[in-house]
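Containing compact mmCIF, C-alpha atoms (C1' of nucleotides): structure.txt.
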# COMPACT_ATOMS: atom_id res chain seq x y z
CA MET A 184 -13.43 -55.74 5.56
CA PHE A 185 -16.11 -56.21 2.93
CA SER A 186 -17.50 -59.66 2.21
CA LYS A 187 -16.68 -61.41 -1.03
CA ALA A 188 -20.27 -60.83 -2.10
CA CYS A 189 -19.78 -57.14 -1.55
CA GLU A 190 -16.51 -57.00 -3.45
CA TYR A 191 -18.05 -58.76 -6.42
CA GLY A 192 -21.19 -56.66 -6.20
CA ILE A 193 -19.37 -53.35 -6.19
CA ARG A 194 -17.13 -54.36 -9.06
CA ALA A 195 -20.09 -55.67 -11.04
CA VAL A 196 -22.19 -52.57 -10.59
CA ILE A 197 -19.35 -50.25 -11.49
CA TYR A 198 -18.70 -52.26 -14.63
CA ILE A 199 -22.37 -52.31 -15.56
CA TRP A 200 -22.55 -48.56 -15.27
CA SER A 201 -19.40 -47.94 -17.26
CA GLN A 202 -20.75 -50.09 -20.05
CA ASN A 203 -24.29 -48.87 -20.28
CA LYS A 204 -23.78 -45.18 -20.58
CA LYS A 205 -24.73 -46.11 -24.13
CA GLY A 206 -27.87 -47.98 -23.11
CA LEU A 207 -26.02 -51.25 -23.38
CA LYS A 208 -27.24 -54.06 -21.14
CA LEU A 209 -24.88 -56.66 -19.79
CA GLY A 210 -25.31 -60.36 -19.14
CA VAL A 211 -23.92 -61.92 -16.01
CA LYS A 212 -21.48 -63.95 -17.99
CA ASP A 213 -19.92 -60.91 -19.62
CA ILE A 214 -19.77 -59.06 -16.34
CA CYS A 215 -18.07 -61.88 -14.50
CA LYS A 216 -15.60 -62.52 -17.25
CA GLU A 217 -14.52 -58.92 -17.10
CA ILE A 218 -14.37 -58.48 -13.35
CA ASP A 219 -13.12 -61.98 -12.60
CA ALA A 220 -15.93 -63.04 -10.29
CA PRO A 221 -17.77 -66.37 -9.93
CA GLU A 222 -20.72 -66.32 -12.28
CA TYR A 223 -23.57 -67.96 -10.39
CA PHE A 224 -22.64 -66.29 -7.15
CA THR A 225 -22.49 -62.86 -8.73
CA ALA A 226 -25.81 -63.51 -10.46
CA LYS A 227 -27.39 -63.99 -7.05
CA ILE A 228 -25.95 -60.77 -5.76
CA LEU A 229 -27.18 -58.82 -8.77
CA GLN A 230 -30.62 -60.37 -8.51
CA SER A 231 -30.78 -59.27 -4.92
CA LEU A 232 -29.71 -55.77 -5.89
CA ALA A 233 -32.36 -55.75 -8.62
CA LYS A 234 -34.98 -56.72 -6.06
CA GLN A 235 -33.83 -53.84 -3.91
CA ASN A 236 -34.06 -51.60 -6.94
CA LEU A 237 -30.42 -50.61 -6.97
CA VAL A 238 -29.95 -52.01 -10.44
CA SER A 239 -32.38 -52.87 -13.23
CA SER A 240 -32.65 -55.92 -15.42
CA THR A 241 -34.62 -57.43 -18.25
CA LYS A 242 -34.88 -61.03 -19.28
CA GLY A 243 -34.59 -62.53 -22.71
CA PRO A 244 -32.41 -61.86 -25.72
CA ASN A 245 -30.49 -58.61 -25.48
CA GLY A 246 -31.55 -58.50 -21.89
CA GLY A 247 -29.25 -58.13 -18.96
CA PHE A 248 -28.42 -55.74 -16.16
CA TYR A 249 -28.32 -51.99 -16.46
CA ILE A 250 -28.59 -48.91 -14.33
CA ASP A 251 -31.21 -46.32 -15.02
CA ALA A 252 -31.23 -42.61 -14.36
CA ASP A 253 -32.72 -42.94 -10.88
CA GLN A 254 -30.15 -45.47 -9.87
CA GLU A 255 -26.94 -43.95 -11.09
CA ASN A 256 -26.71 -41.57 -8.18
CA MET A 257 -26.37 -44.32 -5.64
CA ARG A 258 -23.47 -44.11 -3.27
CA LEU A 259 -21.08 -46.97 -2.64
CA LEU A 260 -22.45 -46.90 0.89
CA ASP A 261 -25.90 -47.83 -0.39
CA LEU A 262 -24.41 -50.75 -2.25
CA VAL A 263 -22.43 -52.02 0.70
CA ILE A 264 -25.43 -51.81 3.00
CA ALA A 265 -27.63 -53.52 0.43
CA ILE A 266 -25.22 -56.44 0.24
CA ASP A 267 -23.54 -56.69 3.63
CA GLY A 268 -26.03 -54.89 5.81
CA ASP A 269 -24.93 -52.25 8.26
CA ARG A 270 -22.87 -54.48 10.56
CA LEU A 271 -19.71 -52.62 9.57
CA PHE A 272 -21.17 -49.27 10.47
CA LYS A 273 -22.56 -49.86 13.89
CA GLY A 274 -21.73 -51.74 17.03
CA CYS A 275 -18.66 -51.85 19.21
CA GLY A 276 -15.25 -52.73 17.81
CA LEU A 277 -14.72 -55.23 20.59
CA GLY A 278 -18.23 -56.61 20.36
CA LEU A 279 -19.60 -55.12 23.58
CA LYS A 280 -23.37 -55.06 23.63
CA TYR A 281 -23.39 -51.64 25.19
CA CYS A 282 -20.51 -49.37 24.39
CA SER A 283 -20.95 -45.63 24.39
CA GLU A 284 -19.29 -42.31 25.06
CA LYS A 285 -20.39 -42.74 28.63
CA HIS A 286 -19.12 -46.31 28.94
CA PRO A 287 -16.56 -46.70 26.19
CA CYS A 288 -14.57 -49.80 25.39
CA PRO A 289 -10.80 -49.29 25.32
CA ILE A 290 -10.73 -48.48 21.61
CA HIS A 291 -14.06 -46.70 21.40
CA TYR A 292 -12.99 -43.27 20.15
CA GLU A 293 -10.29 -44.37 17.77
CA TYR A 294 -12.44 -47.11 16.32
CA LYS A 295 -15.28 -44.69 15.86
CA ALA A 296 -12.97 -42.38 13.95
CA ILE A 297 -11.97 -45.19 11.62
CA ARG A 298 -15.51 -46.24 11.05
CA ASP A 299 -16.71 -42.72 10.45
CA GLY A 300 -13.91 -42.34 7.94
CA LEU A 301 -15.05 -45.44 6.15
CA THR A 302 -18.64 -44.25 6.14
CA LYS A 303 -17.54 -40.91 4.80
CA LEU A 304 -15.51 -42.51 2.05
CA LEU A 305 -18.40 -44.68 0.96
CA SER A 306 -20.87 -41.83 1.18
CA GLU A 307 -18.80 -39.46 -0.86
CA LYS A 308 -17.98 -41.90 -3.60
CA SER A 309 -20.96 -42.12 -5.88
CA LEU A 310 -21.27 -44.95 -8.34
CA LYS A 311 -21.09 -42.44 -11.13
CA ALA A 312 -17.86 -40.92 -9.89
CA VAL A 313 -16.00 -44.18 -9.48
CA ALA A 314 -17.34 -45.60 -12.72
CA GLU A 315 -16.12 -42.53 -14.55
CA GLU A 316 -12.67 -43.03 -13.10
CA VAL A 317 -12.70 -46.54 -14.45
CA ALA A 318 -14.03 -45.46 -17.82
CA SER A 319 -11.35 -42.79 -18.12
CA GLY A 320 -8.60 -45.21 -17.19
CA LYS A 321 -7.74 -43.43 -13.97
CA ALA A 322 -8.74 -46.50 -12.01
CA THR A 323 -9.19 -50.16 -12.82
CA LEU A 324 -11.47 -53.04 -11.93
CA VAL A 325 -9.35 -55.76 -13.37
CA THR A 326 -6.12 -57.44 -12.56
CA ILE A 327 -3.26 -55.73 -14.33
CA LEU A 328 0.19 -57.19 -13.88
CA THR A 329 3.28 -55.03 -13.48
CA MET B 94 -14.46 -55.83 11.12
CA PHE B 95 -12.85 -58.20 13.61
CA SER B 96 -14.00 -61.79 13.90
CA LYS B 97 -15.86 -62.95 16.98
CA ALA B 98 -12.76 -64.92 17.94
CA CYS B 99 -10.77 -61.72 17.79
CA GLU B 100 -13.25 -59.74 19.85
CA TYR B 101 -13.29 -62.39 22.55
CA GLY B 102 -9.53 -62.77 22.41
CA ILE B 103 -8.82 -59.09 22.84
CA ARG B 104 -11.28 -58.76 25.68
CA ALA B 105 -9.90 -61.85 27.37
CA VAL B 106 -6.28 -60.78 27.16
CA ILE B 107 -7.03 -57.30 28.44
CA TYR B 108 -8.91 -58.77 31.35
CA ILE B 109 -6.14 -61.23 32.11
CA TRP B 110 -3.62 -58.46 32.21
CA SER B 111 -5.70 -56.20 34.41
CA GLN B 112 -6.11 -59.00 36.90
CA ASN B 113 -2.62 -60.36 37.10
CA LYS B 114 -0.67 -57.27 37.80
CA LYS B 115 -0.66 -58.97 41.19
CA GLY B 116 0.59 -62.26 39.85
CA LEU B 117 -2.93 -63.62 39.85
CA LYS B 118 -3.68 -66.27 37.26
CA LEU B 119 -7.11 -66.60 35.75
CA GLY B 120 -9.12 -69.63 34.70
CA VAL B 121 -11.09 -69.61 31.47
CA LYS B 122 -14.34 -69.81 33.36
CA ASP B 123 -13.64 -66.68 35.34
CA ILE B 124 -12.47 -64.82 32.29
CA CYS B 125 -15.52 -65.67 30.24
CA LYS B 126 -17.91 -64.92 33.03
CA GLU B 127 -16.44 -61.45 33.31
CA ILE B 128 -16.16 -60.60 29.63
CA ASP B 129 -19.34 -62.41 28.55
CA ALA B 130 -17.78 -64.75 26.01
CA PRO B 131 -18.48 -68.41 25.23
CA GLU B 132 -16.27 -70.51 27.45
CA TYR B 133 -15.05 -73.36 25.28
CA PHE B 134 -14.60 -71.16 22.28
CA THR B 135 -12.58 -68.62 24.21
CA ALA B 136 -10.50 -71.41 25.72
CA LYS B 137 -9.44 -72.40 22.23
CA ILE B 138 -8.47 -68.89 21.33
CA LEU B 139 -6.38 -68.51 24.47
CA GLN B 140 -4.72 -71.86 23.88
CA SER B 141 -3.77 -70.72 20.44
CA LEU B 142 -2.39 -67.48 21.82
CA ALA B 143 -0.42 -69.45 24.39
CA LYS B 144 1.05 -71.58 21.64
CA GLN B 145 2.08 -68.40 19.85
CA ASN B 146 3.58 -67.19 23.10
CA LEU B 147 1.41 -64.10 23.39
CA VAL B 148 0.05 -65.27 26.71
CA SER B 149 1.29 -67.78 29.28
CA SER B 150 -0.53 -70.50 31.15
CA THR B 151 -0.05 -73.22 33.71
CA LYS B 152 -2.16 -76.23 34.36
CA GLY B 153 -3.41 -77.58 37.63
CA PRO B 154 -4.77 -76.01 40.77
CA ASN B 155 -4.21 -72.27 40.96
CA GLY B 156 -3.21 -72.46 37.34
CA GLY B 157 -4.66 -70.41 34.57
CA PHE B 158 -3.69 -67.76 32.09
CA TYR B 159 -1.38 -64.86 32.78
CA ILE B 160 0.85 -62.46 30.97
CA ASP B 161 4.49 -62.22 31.80
CA ALA B 162 6.90 -59.33 31.53
CA ASP B 163 7.94 -60.13 27.98
CA GLN B 164 4.39 -60.32 26.83
CA GLU B 165 2.83 -57.25 28.35
CA ASN B 166 4.28 -54.98 25.74
CA MET B 167 2.35 -56.60 22.93
CA ARG B 168 0.33 -54.30 20.74
CA LEU B 169 -3.30 -54.91 19.91
CA LEU B 170 -2.09 -55.33 16.36
CA ASP B 171 -0.06 -58.37 17.37
CA LEU B 172 -3.13 -59.85 18.97
CA VAL B 173 -5.37 -59.24 15.99
CA ILE B 174 -2.85 -60.73 13.60
CA ALA B 175 -2.34 -63.74 15.86
CA ILE B 176 -6.06 -64.45 15.83
CA ASP B 177 -7.40 -63.17 12.52
CA GLY B 178 -4.27 -63.15 10.43
CA ASP B 179 -3.31 -60.13 8.37
CA ARG B 180 -6.21 -60.22 5.90
CA LEU B 181 -7.50 -56.92 7.26
CA PHE B 182 -4.19 -55.18 6.73
CA LYS B 183 -3.34 -56.11 3.22
CA GLY B 184 -5.04 -56.66 -0.08
CA CYS B 185 -7.37 -54.52 -2.15
CA GLY B 186 -10.60 -53.17 -0.72
CA LEU B 187 -12.48 -54.41 -3.75
CA GLY B 188 -10.67 -57.74 -3.80
CA LEU B 189 -8.52 -57.13 -6.86
CA LYS B 190 -5.58 -59.49 -7.05
CA TYR B 191 -3.30 -56.73 -8.21
CA CYS B 192 -4.11 -53.24 -7.05
CA SER B 193 -1.40 -50.67 -6.63
CA GLU B 194 -0.51 -47.02 -6.87
CA LYS B 195 0.22 -47.66 -10.49
CA HIS B 196 -3.01 -49.53 -11.18
CA PRO B 197 -5.36 -48.48 -8.42
CA CYS B 198 -8.90 -49.66 -7.89
CA PRO B 199 -11.48 -46.89 -7.65
CA ILE B 200 -11.19 -46.62 -3.88
CA HIS B 201 -7.51 -47.41 -3.56
CA TYR B 202 -6.20 -44.27 -1.89
CA GLU B 203 -9.10 -43.65 0.42
CA TYR B 204 -9.26 -47.27 1.46
CA LYS B 205 -5.55 -47.30 2.10
CA ALA B 206 -5.94 -44.29 4.36
CA ILE B 207 -8.62 -46.05 6.37
CA ARG B 208 -6.60 -49.18 6.67
CA ASP B 209 -3.45 -47.35 7.64
CA GLY B 210 -5.50 -45.57 10.29
CA LEU B 211 -6.64 -48.89 11.64
CA THR B 212 -3.13 -50.27 11.61
CA LYS B 213 -1.88 -47.18 13.39
CA LEU B 214 -4.59 -47.42 16.02
CA LEU B 215 -3.78 -51.04 16.73
CA SER B 216 -0.05 -50.43 16.72
CA GLU B 217 -0.20 -47.54 19.11
CA LYS B 218 -2.50 -49.18 21.59
CA SER B 219 -0.42 -51.50 23.68
CA LEU B 220 -2.07 -54.13 25.78
CA LYS B 221 -0.70 -52.41 28.83
CA ALA B 222 -2.18 -49.06 27.90
CA VAL B 223 -5.68 -50.32 27.23
CA ALA B 224 -5.65 -52.62 30.23
CA GLU B 225 -4.68 -49.71 32.45
CA GLU B 226 -7.61 -47.74 31.10
CA VAL B 227 -9.87 -50.57 32.06
CA ALA B 228 -8.27 -50.96 35.48
CA SER B 229 -8.63 -47.26 36.17
CA GLY B 230 -12.27 -47.25 35.12
CA LYS B 231 -11.67 -44.98 32.15
CA ALA B 232 -12.82 -47.74 29.82
CA THR B 233 -14.83 -50.91 30.21
CA LEU B 234 -14.89 -54.46 28.90
CA VAL B 235 -18.30 -55.35 30.15
CA THR B 236 -21.83 -54.47 29.30
CA ILE B 237 -22.98 -51.54 31.38
CA LEU B 238 -26.53 -50.39 30.92
CA THR B 239 -27.47 -46.69 30.81
C1' DT C 189 -45.66 -69.35 -32.74
C1' DT C 190 -41.49 -71.47 -32.00
C1' DA C 191 -36.69 -71.33 -30.69
C1' DA C 192 -33.33 -68.99 -28.40
C1' DT C 193 -31.83 -66.12 -24.75
C1' DA C 194 -31.11 -64.43 -20.21
C1' DA C 195 -32.65 -63.32 -15.61
C1' DA C 196 -35.25 -65.34 -11.47
C1' DA C 197 -35.84 -68.82 -8.36
C1' DG C 198 -34.73 -72.81 -5.93
C1' DA C 199 -31.99 -76.67 -4.48
C1' DT C 200 -27.57 -78.36 -3.15
C1' DA C 201 -22.74 -78.43 -1.71
C1' DA C 202 -18.31 -76.93 0.14
C1' DA C 203 -15.68 -74.09 3.21
C1' DA C 204 -15.12 -71.03 6.96
C1' DT C 205 -16.59 -69.40 11.28
C1' DA C 206 -18.68 -70.05 15.66
C1' DG C 207 -19.69 -72.83 19.42
C1' DT C 208 -19.96 -77.19 22.54
C1' DA C 209 -18.50 -81.43 24.78
C1' DT C 210 -15.24 -84.98 26.03
C1' DT C 211 -10.78 -86.92 26.93
C1' DT C 212 -5.96 -86.33 28.09
C1' DT C 213 -2.11 -84.28 30.41
C1' DA C 214 0.27 -81.52 33.75
C1' DT C 215 0.36 -79.61 38.31
C1' DT C 216 -0.64 -78.94 43.00
C1' DT C 217 -2.59 -79.78 47.41
C1' DT C 218 -3.85 -82.99 50.86
C1' DA D 106 0.42 -91.46 46.45
C1' DA D 107 -4.31 -89.90 45.55
C1' DA D 108 -7.64 -86.52 44.56
C1' DA D 109 -8.63 -82.30 42.64
C1' DT D 110 -7.86 -78.74 39.39
C1' DA D 111 -7.26 -76.51 35.08
C1' DA D 112 -5.19 -76.13 30.52
C1' DA D 113 -4.36 -78.89 26.10
C1' DA D 114 -6.00 -81.68 22.72
C1' DT D 115 -9.49 -83.76 20.13
C1' DA D 116 -13.88 -84.55 18.25
C1' DC D 117 -18.23 -83.00 17.13
C1' DT D 118 -22.24 -79.76 15.92
C1' DA D 119 -24.36 -75.57 14.06
C1' DT D 120 -24.47 -71.50 11.34
C1' DT D 121 -22.98 -68.40 7.84
C1' DT D 122 -20.62 -67.47 3.71
C1' DT D 123 -19.25 -68.76 -0.72
C1' DA D 124 -20.16 -71.24 -4.67
C1' DT D 125 -22.45 -74.26 -8.24
C1' DC D 126 -26.16 -76.42 -10.73
C1' DT D 127 -30.94 -77.00 -12.33
C1' DT D 128 -35.50 -75.50 -13.35
C1' DT D 129 -38.70 -71.81 -14.31
C1' DT D 130 -40.24 -67.50 -16.23
C1' DA D 131 -40.09 -63.55 -19.18
C1' DT D 132 -38.71 -61.59 -23.52
C1' DT D 133 -37.31 -61.24 -28.17
C1' DA D 134 -36.11 -62.53 -32.77
C1' DA D 135 -36.79 -65.52 -36.52

Could you show the structure in this file as structure tokens?
Amino acid sequence: MFSKACEYGIRAVIYIWSQNKKGLKLGVKDICKEIDAPEYFTAKILQSLAKQNLVSSTKGPNGGFYIDADQENMRLLDLVIAIDGDRLFKGCGLGLKYCSEKHPCPIHYEYKAIRDGLTKLLSEKSLKAVAEEVASGKATLVTILT
Amino acid sequence: MFSKACEYGIRAVIYIWSQNKKGLKLGVKDICKEIDAPEYFTAKILQSLAKQNLVSSTKGPNGGFYIDADQENMRLLDLVIAIDGDRLFKGCGLGLKYCSEKHPCPIHYEYKAIRDGLTKLLSEKSLKAVAEEVASGKATLVTILT
DNA sequence: TTAATAAAAGATAAAATAGTATTTTATTTT
DNA sequence: AAAATAAAATACTATTTTATCTTTTATTAA
């Protein structure tokens, strides 16, 4: 569903937020160790997000990635679009160039319902909300056996 | 969501079925012309489906692809799995190796609902049903402007 | 002001997906 | 039996995604 880049990106950003409620910045290495993602690849994703102003960063000692007040209200949808684009949220399920209510493909309505559900899910989940779930232990970002 | 191969494959199989209610077999060229898919690529997909016994084919003059009585009850889900595998239907939305009710990722329940919806959609839509919609003009497989 | 640190940028490589072309094999019609 | 037809098999190319490594730039602490 989501690309690998998107999976890593979402996990990374959630982890960054959960850690820097205290003003703590995080290096890529720390982030990737925690969320089990490839370091250089994740660095690229975060740099792209920084360029798009979804996360913040500073270089040098004690530098790293963090999320400021303006950014913490982002929705997961914003993140997904920033990383994967909007391909998941538009276009026909069967790849028809023109597919519409008037000329629907055979799965048009049902597919639309699924996609709208996904959009809704990602719109309603704010970074803050999911990160708080993780911080409180209600949800996890890491592999836990058993 | 679905791969290109899957989009072409679904469209091709639906078209094949709608045409050979009469016992008519279809060549790859005809199929691809109608559904606007790349010929050689689609040929490969159909050959793979034939190997998996989801469609039938015969070589030689008047040969081509067709769908026999055993095959026409396939669900779209069977098709998708045959082409794309089951990656879409299992695994964590955020890519966690272990994500479960007991240790859920932050979007576990909502994502599961979406995915179950997709599975349901593809299970309930039989090839026959969608192909009949196309045959009757209720749905389309081709690009129609306006 | 120098050394250390960490992101940014750029270059490269591997794997997967998408797409094309050619050769081989089976079948049918003449 | 020969020619024509069409799928099957194989080989090849291109693009995108995933991933790694190296160099540069900004920042901070000693």

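Distance-wise, atom CA of Leu328 of chain A and atom CA of Leu189 of chain B end up 11.2 Å apart.
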
Contact residues around segment 310-316 of chain A with all atoms listed in the file at 9 Å, ignoring same-chain residues under 2 positions, as an MDAnalysis selection string: (chainID A and resid 193 196:201 255:259 262 308 318:323) or (chainID B and resid 199:200)

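Counting all atoms listed in the file, segment 116-126 of chain B has the following residues at most 7 Å away, ignoring those fewer than 4 positions along the same chain: Ala105, Ile109, Gln112, Ala130, Pro131, Glu132, Ala136, Gly156, Gly157, Phe158 and Tyr159 of chain B.
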
Neighbours of chain C in chain A at 8 Å, counting all atoms listed in the file, as a PyMOL selection string: chain A and resi 210+230+240-247

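With all atoms listed in the file as the atoms that count, the residue of B:Phe134, B:Tyr202, B:Tyr191, B:Phe182 with the shortest distance to chain A is B:Tyr191.
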
Top pick for closest residue to DT115 of chain D, considering B:Ala143, B:Pro197, B:Lys137, B:Lys213 and counting all atoms listed in the file: B:Lys137

Distance filter 7 Å, all atoms listed in the file, chain D against chain A, as a ChimeraX atom specification: /D:124-125,131-133

Just C-alpha atoms (C1' of nucleotides) for this one: save the residues we selected as a PDB file, in the frame of the given file.
ATOM      1  C1'  DA D 124     -20.160 -71.240  -4.670  1.00  0.00           C
ATOM      2  C1'  DT D 125     -22.450 -74.260  -8.240  1.00  0.00           C
ATOM      3  C1'  DA D 131     -40.090 -63.550 -19.180  1.00  0.00           C
ATOM      4  C1'  DT D 132     -38.710 -61.590 -23.520  1.00  0.00           C
ATOM      5  C1'  DT D 133     -37.310 -61.240 -28.170  1.00  0.00           C
TER       6       DT D 133
END
